[in-house]
Amino acid sequence: MRRLVKDTSGETIVETLAAMIICALSIALLVTAVVTSARLNGQAAQSRSDVSSQEEKAEGNGGFDGSTVPTGEVTVTATNADGSTSSHVYTVAFSGGDDLVSYHVTGVPE
Amino acid sequence: MTTPRRTSHRPKAKLSSQRGASIIIALLLTLVCVVVAALVTLAASVNAERGRQDYAEQESYYAQRSAAEMVAQHVSNLAATKQGDAYVVYARTAQGEANNTAVLQWAQQSVNTVKGGSTPSTLMLTMSVTEGNDGKDIPDVTVTLSMDRNYGITITTATTGGASYAMPKLLMRCSAGDSLEWATPTVQTGASS
């Protein structure tokens with residue numbers, strides 16, 4: 001006990017400060033990684049949530065989310081066995097949203 | 001006056017010495033933090049990447065489904081009647097009447113090829129949204145039609161470029177007889193008969 005009390009060995013202030021700086025940097029690194037991961041996960045969750053309602057509409061050809069004009073044209077190019085090709089353009093209506101789109105024919109080919 | 005630092009020469013004393021331990025503990029903490037940070041970041045990146053992959057596959061799925069439905073609708077509208085030794089394929093509705101397309105011509109050739117006991121050639125259709133997509137990336141779809149010996153039509157779809165959804169083949173069975181009509185498509189589960 002007496003020996004412990006008289007013992008003057010220990011760490012210098014420089015060692016202690018260096019250790020504290022290293023600890024602080026490590027924790028800052030960890031916090032940054034956690035915050036970045038949380039942001040990435042949040043973005044992914046938001047994206048899934050946005051797409052969810054569009055999926056329902058695209059699945060059932062039932063309406064459209066977003067600002068896109070919900071009609072358009074699909075060009076069908078047929079390639080026969082002999083290599084000859086022919087094209088027809090169909091008018092289609094889009095369903096879904098700005099991110100996910102399905103379409104179905106609404107008009108006869110031009 | 002500086003006091004020289006005491007050094008332990010005995011191994012046991014060295015092991016029990018706590019001199020400089022704070023640096024070692026700090027470095028160990030750094031190691032743990034780096035490993036945990038790397039794992040957390042990796043997990044988030046994998047999650048985000050999987051979301052992107054799912055999204056690309058969904059785009060591919062809807063493009064293929066739309067194309068397959070479009071072709072199936074077209075084929076459902078076709079019928080064939082026997083006239084003499086050959087079948088004549090025609091479109092049943094007014095809308096179909098206007099569809100004097102490659103599908104009708106291919107079906108015409110194919111049913112008579114099958115009737116003659118041969119294997120008909122396939123028809124490849126490339127479907128691309130050329131207007132109204134407002135800059136969105138709707139992938140082009142390649143649809144391949146083939147006819148089996150029971151006049152059933154198999155629809156195979158695939159998207160070009162990017163992540164492609166593995167769409168199952170669709171089979172439109174045919175009611176054979178003096179007239180031919182194709183039923184609504186079902187997912188093909190086994191080998192075509």
# chains A, B, ... in the order shown; residues from 1 in each chain; ligands from 1
>>> interface_residues(of="chain B", to="chain A", cutoff="7 Å", atoms="only C-alpha atoms", output="PyMOL selection string")
chain B and resi 19-20+22-23+26+29-30+33-34+37+40-41+44+48+51+59+62-63+66+70+95+98-99+102+121-134
>>> select_by_dssp(residues="chain B", states="strand (DSSP E or B)", output="PyMOL selection string")
chain B and resi 78-83+86-91+123-131+141-147+153-159+170-172+174-175+179-182+186-187
>>> closest_residue(among="B:Ile24, B:Ile138, B:Val32, B:Leu145", to="Ala107 in chain B", atoms="only C-alpha atoms")
B:Leu145
>>> select_by_dssp(residues="range 4-101 of chain A", states="helix (DSSP H, G or I)", output="PyMOL selection string")
chain A and resi 4-6+13-60
